[in-house]
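Visitor: Sharing model.txt, compact mmCIF, C-alpha atoms:
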# COMPACT_ATOMS: atom_id res chain seq x y z
CA MET A 1 118.31 104.74 99.78
CA ALA A 2 117.79 102.70 96.65
CA LEU A 3 114.11 102.03 97.30
CA LEU A 4 113.17 105.68 97.61
CA ARG A 5 115.21 106.56 94.54
CA ARG A 6 113.41 103.96 92.47
CA ASP A 7 109.98 104.98 93.79
CA LEU A 8 110.64 108.63 93.07
CA ALA A 9 111.94 107.94 89.58
CA ARG A 10 108.86 105.86 88.89
CA LEU A 11 106.21 108.10 90.44
CA LEU A 12 107.64 111.57 89.95
CA LEU A 13 108.97 111.28 86.42
CA GLY A 14 106.64 108.51 85.75
CA GLY A 15 106.82 106.64 82.45
CA ARG A 16 103.44 105.81 80.99
CA GLY A 17 101.30 107.32 83.74
CA GLY A 18 102.67 110.80 83.12
CA GLY A 19 104.21 111.00 86.58
CA ALA A 20 103.54 114.07 88.66
CA LEU A 21 102.38 116.13 85.70
CA LEU A 22 99.06 114.38 85.17
CA PRO A 23 97.55 114.99 88.64
CA VAL A 24 98.62 118.64 88.45
CA LEU A 25 97.07 119.18 85.03
CA PHE A 26 93.93 117.40 86.18
CA PHE A 27 93.79 119.57 89.28
CA LEU A 28 94.23 122.75 87.25
CA SER A 29 91.64 121.77 84.68
CA VAL A 30 89.04 121.16 87.41
CA SER A 31 89.79 124.57 88.93
CA MET A 32 89.49 126.08 85.48
CA LEU A 33 86.21 124.38 84.62
CA TYR A 34 84.47 125.20 87.88
CA PRO A 35 84.05 128.95 87.18
CA PHE A 36 82.62 128.11 83.77
CA ALA A 37 80.13 125.74 85.36
CA VAL A 38 78.80 128.03 88.10
CA GLY A 39 79.06 131.30 86.20
CA PRO A 40 81.01 134.49 86.79
CA ASP A 41 79.72 135.19 90.28
CA ALA A 42 82.85 136.39 92.08
CA PRO A 43 81.59 136.25 95.71
CA LEU A 44 80.18 132.75 95.18
CA LEU A 45 83.41 131.57 93.57
CA ALA A 46 85.51 132.99 96.37
CA LYS A 47 83.26 131.39 98.96
CA THR A 48 83.22 127.89 97.43
CA GLY A 49 86.59 127.94 95.69
CA GLY A 50 88.53 126.52 98.61
CA GLY A 51 86.27 123.48 98.76
CA VAL A 52 86.68 122.94 95.03
CA ILE A 53 90.45 122.98 95.45
CA TRP A 54 90.12 120.29 98.11
CA VAL A 55 87.88 118.06 96.00
CA ALA A 56 90.21 118.49 93.03
CA ALA A 57 93.20 117.59 95.23
CA LEU A 58 91.50 114.42 96.44
CA LEU A 59 90.61 113.34 92.90
CA ALA A 60 94.11 114.13 91.67
CA ALA A 61 95.54 111.95 94.44
CA ILE A 62 93.40 109.03 93.29
CA LEU A 63 94.68 109.13 89.68
CA PRO A 64 97.85 107.03 90.04
CA LEU A 65 96.44 104.47 92.50
CA ASP A 66 96.42 101.47 90.17
CA ARG A 67 100.14 101.62 89.53
CA LEU A 68 101.19 102.31 93.11
CA VAL A 69 101.49 98.76 94.42
CA GLU A 70 100.06 96.19 92.05
CA PRO A 71 102.78 96.11 89.35
CA ASP A 72 105.42 95.37 91.98
CA ILE A 73 103.48 92.42 93.35
CA GLU A 74 102.83 91.14 89.83
CA GLN A 75 106.48 91.41 88.80
CA GLY A 76 107.64 89.59 91.92
CA LEU A 77 109.52 92.57 93.33
CA PHE A 78 107.95 92.24 96.77
CA ASP A 79 109.10 88.59 96.93
CA GLN A 80 112.65 89.62 96.12
CA TRP A 81 112.57 92.39 98.74
CA VAL A 82 111.34 90.00 101.41
CA LEU A 83 114.15 87.55 100.55
CA ARG A 84 116.59 90.38 101.15
CA GLY A 85 115.09 91.13 104.53
CA ILE A 86 113.26 94.28 103.43
CA SER A 87 109.82 94.10 104.99
CA GLU A 88 106.60 94.98 103.23
CA GLU A 89 105.98 97.62 105.90
CA LEU A 90 109.18 99.45 105.02
CA VAL A 91 108.44 99.31 101.30
CA ILE A 92 104.94 100.70 101.89
CA ALA A 93 106.21 103.45 104.19
CA VAL A 94 108.76 104.52 101.59
CA ARG A 95 106.08 104.41 98.92
CA VAL A 96 103.74 106.64 100.95
CA PHE A 97 106.49 109.22 101.17
CA ALA A 98 107.32 108.96 97.46
CA HIS A 99 103.64 109.11 96.48
CA TRP A 100 103.16 112.22 98.60
CA LEU A 101 106.23 113.89 97.07
CA SER A 102 104.85 113.13 93.62
CA PHE A 103 101.56 114.96 94.14
CA GLY A 104 101.55 116.93 97.43
CA PRO A 105 104.10 119.66 96.76
CA PRO A 106 103.13 119.92 93.04
CA LEU A 107 99.49 120.45 94.04
CA MET A 108 100.47 123.09 96.59
CA LEU A 109 102.23 124.94 93.78
CA ALA A 110 99.31 124.43 91.43
CA ALA A 111 96.96 125.78 94.10
CA LEU A 112 98.44 129.26 93.49
CA PRO A 113 97.13 129.63 89.92
CA ALA A 114 93.99 127.72 90.91
CA ALA A 115 93.31 130.25 93.69
CA ALA A 116 93.69 133.04 91.16
CA LEU A 117 91.22 131.35 88.82
CA LEU A 118 88.70 130.97 91.61
CA GLY A 119 89.26 134.44 93.02
CA LEU A 120 90.37 133.39 96.50
CA ASP A 121 91.80 136.12 98.70
CA GLY A 122 95.20 135.91 100.36
CA HIS A 123 93.88 134.74 103.70
CA SER A 124 91.90 131.84 102.23
CA LEU A 125 94.82 130.90 100.03
CA ARG A 126 97.07 130.68 103.07
CA ILE A 127 94.61 128.41 104.88
CA VAL A 128 94.24 126.23 101.77
CA GLU A 129 98.01 125.88 101.45
CA ILE A 130 98.51 124.99 105.12
CA GLY A 131 95.55 122.65 104.92
CA LEU A 132 96.99 120.91 101.86
CA LEU A 133 100.33 120.59 103.60
CA ALA A 134 98.60 118.92 106.55
CA GLY A 135 96.09 116.87 104.58
CA THR A 136 97.86 115.56 101.49
CA PRO A 137 100.23 113.23 103.42
CA GLY A 138 97.14 111.55 104.84
CA LEU A 139 95.63 111.25 101.37
CA ALA A 140 98.89 109.71 100.15
CA ALA A 141 98.91 107.18 102.99
CA LEU A 142 95.29 106.33 102.36
CA GLY A 143 95.93 105.93 98.63
CA VAL A 144 98.83 103.53 99.10
CA THR A 145 96.93 101.49 101.72
CA VAL A 146 93.91 101.10 99.48
CA ALA A 147 96.11 100.34 96.45
CA ALA A 148 97.74 97.53 98.45
CA LEU A 149 94.35 96.23 99.60
CA THR A 150 92.87 96.09 96.12
CA SER A 151 95.94 94.78 94.30
CA GLY A 152 95.25 91.50 92.60
CA LEU A 153 91.51 92.13 92.38
CA ARG A 154 89.83 92.42 89.04
CA GLY A 155 88.69 95.99 88.53
CA GLY A 156 90.87 96.96 91.45
CA ALA A 157 91.52 100.43 90.05
CA ALA A 158 87.86 101.42 90.00
CA LEU A 159 87.27 99.81 93.38
CA SER A 160 90.19 101.60 95.00
CA GLY A 161 88.83 104.95 93.84
CA LEU A 162 85.49 104.11 95.43
CA LEU A 163 87.15 102.98 98.65
CA VAL A 164 89.39 106.01 99.01
CA ILE A 165 86.62 108.57 98.73
CA PRO A 166 84.63 107.70 101.89
CA MET A 167 87.77 107.18 103.92
CA ALA A 168 89.12 110.55 102.82
CA ILE A 169 86.05 112.34 104.18
CA PRO A 170 87.56 113.23 107.59
CA VAL A 171 90.56 114.91 105.96
CA LEU A 172 88.26 116.64 103.50
CA ILE A 173 85.77 117.87 106.12
CA PHE A 174 88.42 119.30 108.39
CA GLY A 175 90.56 120.60 105.54
CA ALA A 176 87.78 122.35 103.67
CA GLY A 177 86.00 123.20 106.92
CA SER A 178 88.97 125.15 108.18
CA LEU A 179 88.20 127.64 105.39
CA GLY A 180 84.74 128.34 106.75
CA THR A 181 85.76 128.71 110.36
CA GLY A 182 88.94 130.42 109.25
CA GLY A 183 90.61 128.68 112.09
CA GLU A 184 93.52 126.79 113.41
CA SER A 185 91.35 124.13 115.01
CA GLY A 186 90.26 122.84 111.59
CA LEU A 187 93.83 122.70 110.41
CA ALA A 188 94.89 120.89 113.57
CA LEU A 189 92.16 118.30 113.05
CA THR A 190 93.20 117.89 109.41
CA ALA A 191 96.72 117.17 110.57
CA ALA A 192 95.41 114.75 113.22
CA ALA A 193 93.29 112.81 110.71
CA SER A 194 96.28 112.79 108.39
CA LEU A 195 98.60 111.44 111.09
CA VAL A 196 96.23 108.60 111.92
CA LEU A 197 96.17 107.54 108.27
CA ILE A 198 99.97 107.74 108.03
CA ALA A 199 100.38 105.68 111.19
CA ILE A 200 98.07 102.93 109.94
CA ALA A 201 99.31 102.80 106.34
CA PRO A 202 102.56 100.76 106.62
CA PHE A 203 100.94 98.06 108.76
CA ALA A 204 97.66 97.79 106.89
CA GLY A 205 99.41 98.02 103.52
CA GLY A 206 102.13 95.56 104.52
CA ALA A 207 99.59 93.04 105.77
CA ALA A 208 97.58 93.43 102.57
CA VAL A 209 100.63 92.76 100.40
CA ARG A 210 101.51 89.72 102.50
CA ALA A 211 97.99 88.37 102.26
CA SER A 212 97.88 88.81 98.50
CA ARG A 213 101.05 86.72 98.16
CA GLY A 214 99.35 83.59 99.45
CA MET B 215 120.67 66.45 109.83
CA GLN B 216 123.83 68.11 111.06
CA GLY B 217 125.40 70.71 108.80
CA ALA B 218 122.43 70.91 106.47
CA VAL B 219 122.06 74.25 104.72
CA VAL B 220 118.48 73.60 103.66
CA SER B 221 116.33 71.11 105.49
CA ALA B 222 112.64 70.38 105.66
CA THR B 223 110.87 67.94 107.94
CA ASP B 224 107.45 66.41 107.42
CA LEU B 225 106.36 69.20 105.13
CA ALA B 226 102.77 69.36 103.94
CA CYS B 227 101.30 71.92 101.58
CA ARG B 228 97.69 72.78 101.11
CA ARG B 229 96.30 74.87 98.31
CA GLY B 230 92.68 75.80 98.95
CA ASP B 231 90.97 72.55 99.94
CA ARG B 232 93.50 70.32 98.25
CA LEU B 233 96.43 68.73 100.03
CA LEU B 234 99.21 68.87 97.44
CA PHE B 235 101.81 66.81 99.24
CA ALA B 236 102.54 65.61 102.77
CA GLY B 237 105.28 63.96 104.77
CA LEU B 238 108.02 65.47 102.66
CA SER B 239 111.47 65.70 104.19
CA LEU B 240 114.69 66.77 102.55
CA ALA B 241 118.14 67.90 103.56
CA LEU B 242 120.84 69.52 101.47
CA GLY B 243 124.37 70.13 102.66
CA LYS B 244 127.05 72.43 101.29
CA GLY B 245 127.54 72.16 97.55
CA GLU B 246 124.57 69.87 97.01
CA ALA B 247 121.82 70.26 94.45
CA MET B 248 118.41 68.68 94.16
CA GLN B 249 115.88 68.62 91.38
CA ILE B 250 112.22 68.63 92.33
CA ALA B 251 110.45 66.72 89.58
CA GLY B 252 106.81 66.13 88.89
CA HIS B 253 104.02 67.03 86.52
CA ASN B 254 102.36 70.44 86.26
CA GLY B 255 100.35 71.53 89.27
CA ILE B 256 101.83 68.96 91.62
CA GLY B 257 103.24 71.66 93.90
CA LYS B 258 106.84 72.23 92.78
CA SER B 259 106.54 76.01 92.87
CA SER B 260 104.61 75.87 96.15
CA LEU B 261 107.43 73.83 97.69
CA LEU B 262 110.00 76.39 96.55
CA ARG B 263 107.93 79.26 97.94
CA ILE B 264 107.66 77.44 101.27
CA LEU B 265 111.43 76.88 101.32
CA ALA B 266 111.91 80.57 100.52
CA GLY B 267 109.72 81.48 103.48
CA LEU B 268 107.31 83.31 101.19
CA ALA B 269 104.42 80.97 101.86
CA PRO B 270 103.51 79.19 105.09
CA ALA B 271 103.75 75.41 105.26
CA PHE B 272 100.52 73.67 106.18
CA GLU B 273 102.52 71.30 108.36
CA GLY B 274 106.16 70.65 109.13
CA THR B 275 109.20 72.82 109.62
CA ILE B 276 111.92 74.22 107.43
CA ALA B 277 115.36 75.49 108.27
CA VAL B 278 117.49 77.49 105.86
CA ASP B 279 120.95 78.69 106.75
CA GLY B 280 122.03 81.66 104.66
CA ALA B 281 120.59 84.13 102.21
CA VAL B 282 118.05 82.82 99.71
CA GLY B 283 117.92 83.75 96.05
CA LEU B 284 114.76 83.00 94.12
CA LEU B 285 114.43 82.79 90.36
CA ASP B 286 110.94 82.19 89.05
CA GLU B 287 108.87 83.11 86.04
CA ARG B 288 108.81 86.77 87.08
CA PRO B 289 112.10 88.56 86.52
CA ALA B 290 111.29 91.27 89.12
CA LEU B 291 112.61 93.95 86.78
CA ASP B 292 110.69 97.14 86.01
CA PRO B 293 109.06 96.54 82.60
CA ALA B 294 109.30 100.21 81.63
CA LEU B 295 112.99 100.66 82.47
CA PRO B 296 115.92 99.83 80.21
CA LEU B 297 117.49 96.54 81.31
CA GLY B 298 120.66 98.21 82.54
CA ARG B 299 118.81 100.51 84.92
CA ALA B 300 116.42 97.78 86.09
CA LEU B 301 119.40 95.59 87.00
CA ALA B 302 121.24 98.54 88.54
CA PHE B 303 118.43 98.89 91.08
CA TRP B 304 119.15 95.40 92.41
CA GLN B 305 122.89 96.03 92.21
CA ARG B 306 122.45 98.99 94.54
CA LEU B 307 120.47 96.85 96.99
CA ASP B 308 122.81 93.87 96.78
CA GLY B 309 125.97 95.95 96.61
CA ALA B 310 127.78 93.89 94.00
CA GLY B 311 129.26 94.67 90.62
CA GLY B 312 127.88 92.55 87.83
CA GLU B 313 129.84 93.43 84.68
CA ASP B 314 131.22 89.91 84.24
CA HIS B 315 127.83 88.28 84.69
CA LEU B 316 126.31 90.53 82.06
CA ARG B 317 128.99 89.71 79.52
CA ARG B 318 128.76 86.03 80.24
CA LEU B 319 124.99 85.98 79.91
CA GLY B 320 125.17 87.93 76.65
CA LEU B 321 123.23 90.89 78.02
CA THR B 322 125.69 93.72 77.32
CA THR B 323 124.07 94.63 74.02
CA LEU B 324 120.59 94.65 75.57
CA LEU B 325 121.22 97.13 78.39
CA ASP B 326 119.42 99.99 76.62
CA VAL B 327 116.37 97.93 75.72
CA PRO B 328 113.31 98.35 77.95
CA VAL B 329 112.59 95.15 79.86
CA ARG B 330 109.11 94.79 78.38
CA TYR B 331 110.59 94.43 74.86
CA LEU B 332 112.84 91.53 75.90
CA SER B 333 111.97 87.97 74.89
CA THR B 334 111.16 85.31 77.46
CA GLY B 335 114.64 83.84 77.21
CA GLN B 336 116.30 87.24 77.46
CA LYS B 337 114.28 88.04 80.58
CA LYS B 338 115.29 84.71 82.07
CA ARG B 339 118.96 85.47 81.40
CA ALA B 340 118.48 88.90 83.00
CA ALA B 341 116.96 87.19 86.03
CA PHE B 342 120.06 84.98 86.21
CA ALA B 343 122.19 88.13 86.23
CA ARG B 344 120.11 89.46 89.12
CA LEU B 345 120.50 86.16 90.97
CA LEU B 346 124.27 86.08 90.44
CA GLY B 347 124.56 89.67 91.64
CA GLN B 348 122.67 88.84 94.82
CA GLY B 349 125.39 86.37 95.85
CA ALA B 350 122.97 84.27 97.89
CA LYS B 351 124.11 80.93 99.24
CA VAL B 352 120.87 79.09 98.59
CA TRP B 353 119.39 79.17 95.11
CA LEU B 354 115.78 78.25 94.55
CA LEU B 355 115.23 77.94 90.82
CA ASP B 356 111.67 77.57 89.55
CA GLU B 357 111.70 76.26 85.97
CA PRO B 358 115.05 77.95 85.28
CA LEU B 359 115.30 76.58 81.73
CA ASN B 360 111.92 77.82 80.47
CA GLY B 361 112.34 79.87 77.34
CA LEU B 362 116.10 79.40 77.10
CA ASP B 363 117.72 78.21 73.87
CA GLY B 364 120.23 75.36 73.72
CA HIS B 365 123.23 77.54 74.32
CA ALA B 366 121.61 79.38 77.21
CA VAL B 367 120.50 76.10 78.78
CA GLU B 368 124.13 74.95 78.88
CA LEU B 369 125.10 78.32 80.33
CA ALA B 370 122.46 78.11 83.06
CA GLU B 371 123.61 74.58 83.93
CA ALA B 372 127.25 75.69 84.04
CA ILE B 373 126.43 78.68 86.25
CA THR B 374 124.50 76.46 88.66
CA ALA B 375 127.31 73.90 88.71
CA GLU B 376 129.82 76.63 89.60
CA HIS B 377 127.51 77.89 92.34
CA CYS B 378 127.43 74.41 93.89
CA ALA B 379 131.16 73.89 93.39
CA SER B 380 131.80 77.01 95.46
CA GLY B 381 129.73 75.64 98.33
CA GLY B 382 126.31 76.92 97.34
CA VAL B 383 123.09 74.97 97.43
CA ALA B 384 120.57 74.73 94.61
CA VAL B 385 117.02 73.44 94.61
CA ILE B 386 115.68 73.23 91.09
CA ALA B 387 112.01 72.73 90.34
CA SER B 388 111.70 71.61 86.75
CA HIS B 389 110.03 69.01 84.62
CA GLN B 390 112.89 69.27 82.12
CA PRO B 391 116.14 67.37 82.59
CA PHE B 392 118.78 69.53 84.27
CA ARG B 393 122.35 68.33 83.77
CA LEU B 394 124.39 68.88 86.88
CA PRO B 395 127.07 66.69 88.46
CA GLY B 396 125.80 65.01 91.62
CA LEU B 397 122.23 66.20 91.15
CA ARG B 398 119.73 64.29 93.27
CA THR B 399 116.14 64.02 92.19
CA LEU B 400 113.08 64.18 94.37
CA HIS B 401 109.87 63.00 92.74
CA LEU B 402 107.03 64.94 94.29
CA SER B 403 104.54 62.30 93.12
CA GLU B 404 105.85 60.02 95.91
CA PHE B 405 104.50 62.45 98.47
CA THR B 406 101.12 63.33 97.02
CA ALA B 407 98.27 62.75 99.37
Since I need it in another form, could you write the structure as structure tokens?

Guide:
Amino acid sequence: MALLRRDLARLLLGGRGGGALLPVLFFLSVSMLYPFAVGPDAPLLAKTGGGVIWVAALLAAILPLDRLVEPDIEQGLFDQWVLRGISEELVIAVRVFAHWLSFGPPLMLAALPAAALLGLDGHSLRIVEIGLLAGTPGLAALGVTVAALTSGLRGGAALSGLLVIPMAIPVLIFGAGSLGTGGESGLALTAAASLVLIAIAPFAGGAAVRASRG
Amino acid sequence: MQGAVVSATDLACRRGDRLLFAGLSLALGKGEAMQIAGHNGIGKSSLLRILAGLAPAFEGTIAVDGAVGLLDERPALDPALPLGRALAFWQRLDGAGGEDHLRRLGLTTLLDVPVRYLSTGQKKRAAFARLLGQGAKVWLLDEPLNGLDGHAVELAEAITAEHCASGGVAVIASHQPFRLPGLRTLHLSEFTA
């Protein structure tokens, strides 16, 4: 489908924003800096490393927010889609998927070297990877929703970052928490929180885009 | 009115607290064109957006029969992409080949240039190419001549005339004269509240 192709070309390969590379590099640099900051205490690193990976993943997901929705409203693309019978909801749903593809799988790959840097063992790494797989789609949905809500506002980029963080807490608690309990229940709750966000995103985002059109 | 492609009855438009116009009715049949005239800020663009179904009318009803193409000050082309690829995106959605349009609008040499480097007039011509490719029956043109040079103005008028001659409908919001055979003019100032 043409929409998905355009979204992927824009978000994955990305033009000015650096595409998928920037969040990954950001994520890796956080994982690299953390051991320097807390010192070479291997047990401590291994214990807290999983949480750091989660925080870094959340921050990396926030990076491209300002160019997720707003440019398309500004350029009149949403108007043209609506005239062709393509609803805002569909556009937002496609964008959630494209946004996730642009940072979810790359971060899961980048989590491998990050786990090595932080000294995570194989078991923790596996839980982190499954957790990221369950949690990042929710973060993507949340990011697109908030980007749609704040489009057209002055300082929208900074605001959207601030809005995403509290709303991402459930995913973060369950995702990072599953490391402590070592359990499937945490992962299941991460997936549940993620699903709720994905289910809401097209409708909330679509309504936000429609409201901003005025 | 029977057989009207675009019709509006008792339309009123409110912007914030201000009533821009009220009691506006119009009807356009096959092949007809109408210019919406009036000074800046009188509500020409708002009227077009209401007709397009993109904005709600404060009062009144509209009926549009057929696909709507909108051309306004935003070309709806990715600024970062070369023109050819930005237009190709719409071609894939609209499913029409546009080689002839591009040649006619003098865009063939610009296809490798990123949209953000194009001049206002070039962007407008690109938007015309997008509109032609869409093949919509109803054209809503918001200041279609802005930024166009003399030659391009004639081209835009000829393209619109052909669209109407083949049974299409055009509503043109502009404060500039638009030369088109059989063009009716609606002065929005007659309906201001």

Visitor: For range 215-226 of chain B, please output as a PyMOL selection string all residues within 6 Å (counting all atoms listed in the file; exclusion window: fewer than 3 positions along the same chain).

Guide: chain B and resi 235-243+272-279

Visitor: As a list in words, could you give me every residue of chain A near chain B (at most 6 Å apart, counting all atoms listed in the file)?

Guide: Gln75, Gly76 and Leu77 of chain A

Visitor: Which distance in Å separates CA of Val209 in chain A and CA of His99 in chain A, to one decimal?

Guide: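 Taking CA of Val209 in chain A as the start and CA of His99 in chain A as the end point, the length is 17.1 Å.
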
Visitor: Determine, counting only C-alpha atoms, which protein, DNA and RNA residues have an atom within 12 Å of an atom of range 32-36 of chain A; residues of the same chain fewer than 4 positions away are not included. Present the result as a ChimeraX atom specification.

Guide: /A:25-28,40-46,48-53,55-56,110-111,113-119

Visitor: Mind checking which residues fall within 9 Å of Pro105 in chain A, counting all atoms listed in the file, ignoring those fewer than 5 positions away in the same chain, and posting them as a list in words?

Guide: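 The residues satisfying every condition are Trp100, Ala110, Leu132, Leu133 and Thr136 of chain A.
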
Visitor: Counting only C-alpha atoms, what is within 6 Å of range 323-327 of chain B, bar same-chain residues fewer than 4 positions away, as number ranges by chain?

Guide: B: 296-298

Visitor: Could you check which of A:Asp66, A:Asp121, A:Asp79, A:Glu74 is closest to Thr145 in chain A, using all atoms listed in the file?

Guide: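 That would be A:Asp66, the residue with the smallest distance to Thr145 in chain A.
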
Visitor: Any chance you could work out the axis-aligned box around range 88-101 of chain A, listed atoms only, 5 Å on each side, giving centre and edge lengths in Å to one decimal, as JSON?

Guide:
{"center_x": 106.2, "center_y": 104.4, "center_z": 101.2, "size_x": 16.0, "size_y": 28.9, "size_z": 19.4}

Visitor: Looking at A:Ile62, A:Ala191, A:Leu197, A:Leu68, which one is nearest to Arg95 in chain A, with distances taken over all atoms listed in the file?

Guide: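 Closest candidate: A:Leu68.
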
Visitor: To one decimal in Å, tell me the separation between CA of Ala208 in chain A and CA of Ala148 in chain A.

Guide: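 Separation of CA of Ala208 in chain A and CA of Ala148 in chain A: 5.8 Å.
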
Visitor: Write out as number ranges by chain which residues come within 12 Å of Ile200 in chain A when counting all atoms listed in the file, dropping same-chain ones fewer than 6 positions away.

Guide: A: 89, 92-93, 96, 138, 140-146, 193-194, 206-207

Visitor: Report, in Å with one decimal, the straight-line distance from CA of Ala188 in chain A to CA of Val171 in chain A.

Guide: 10.6 Å
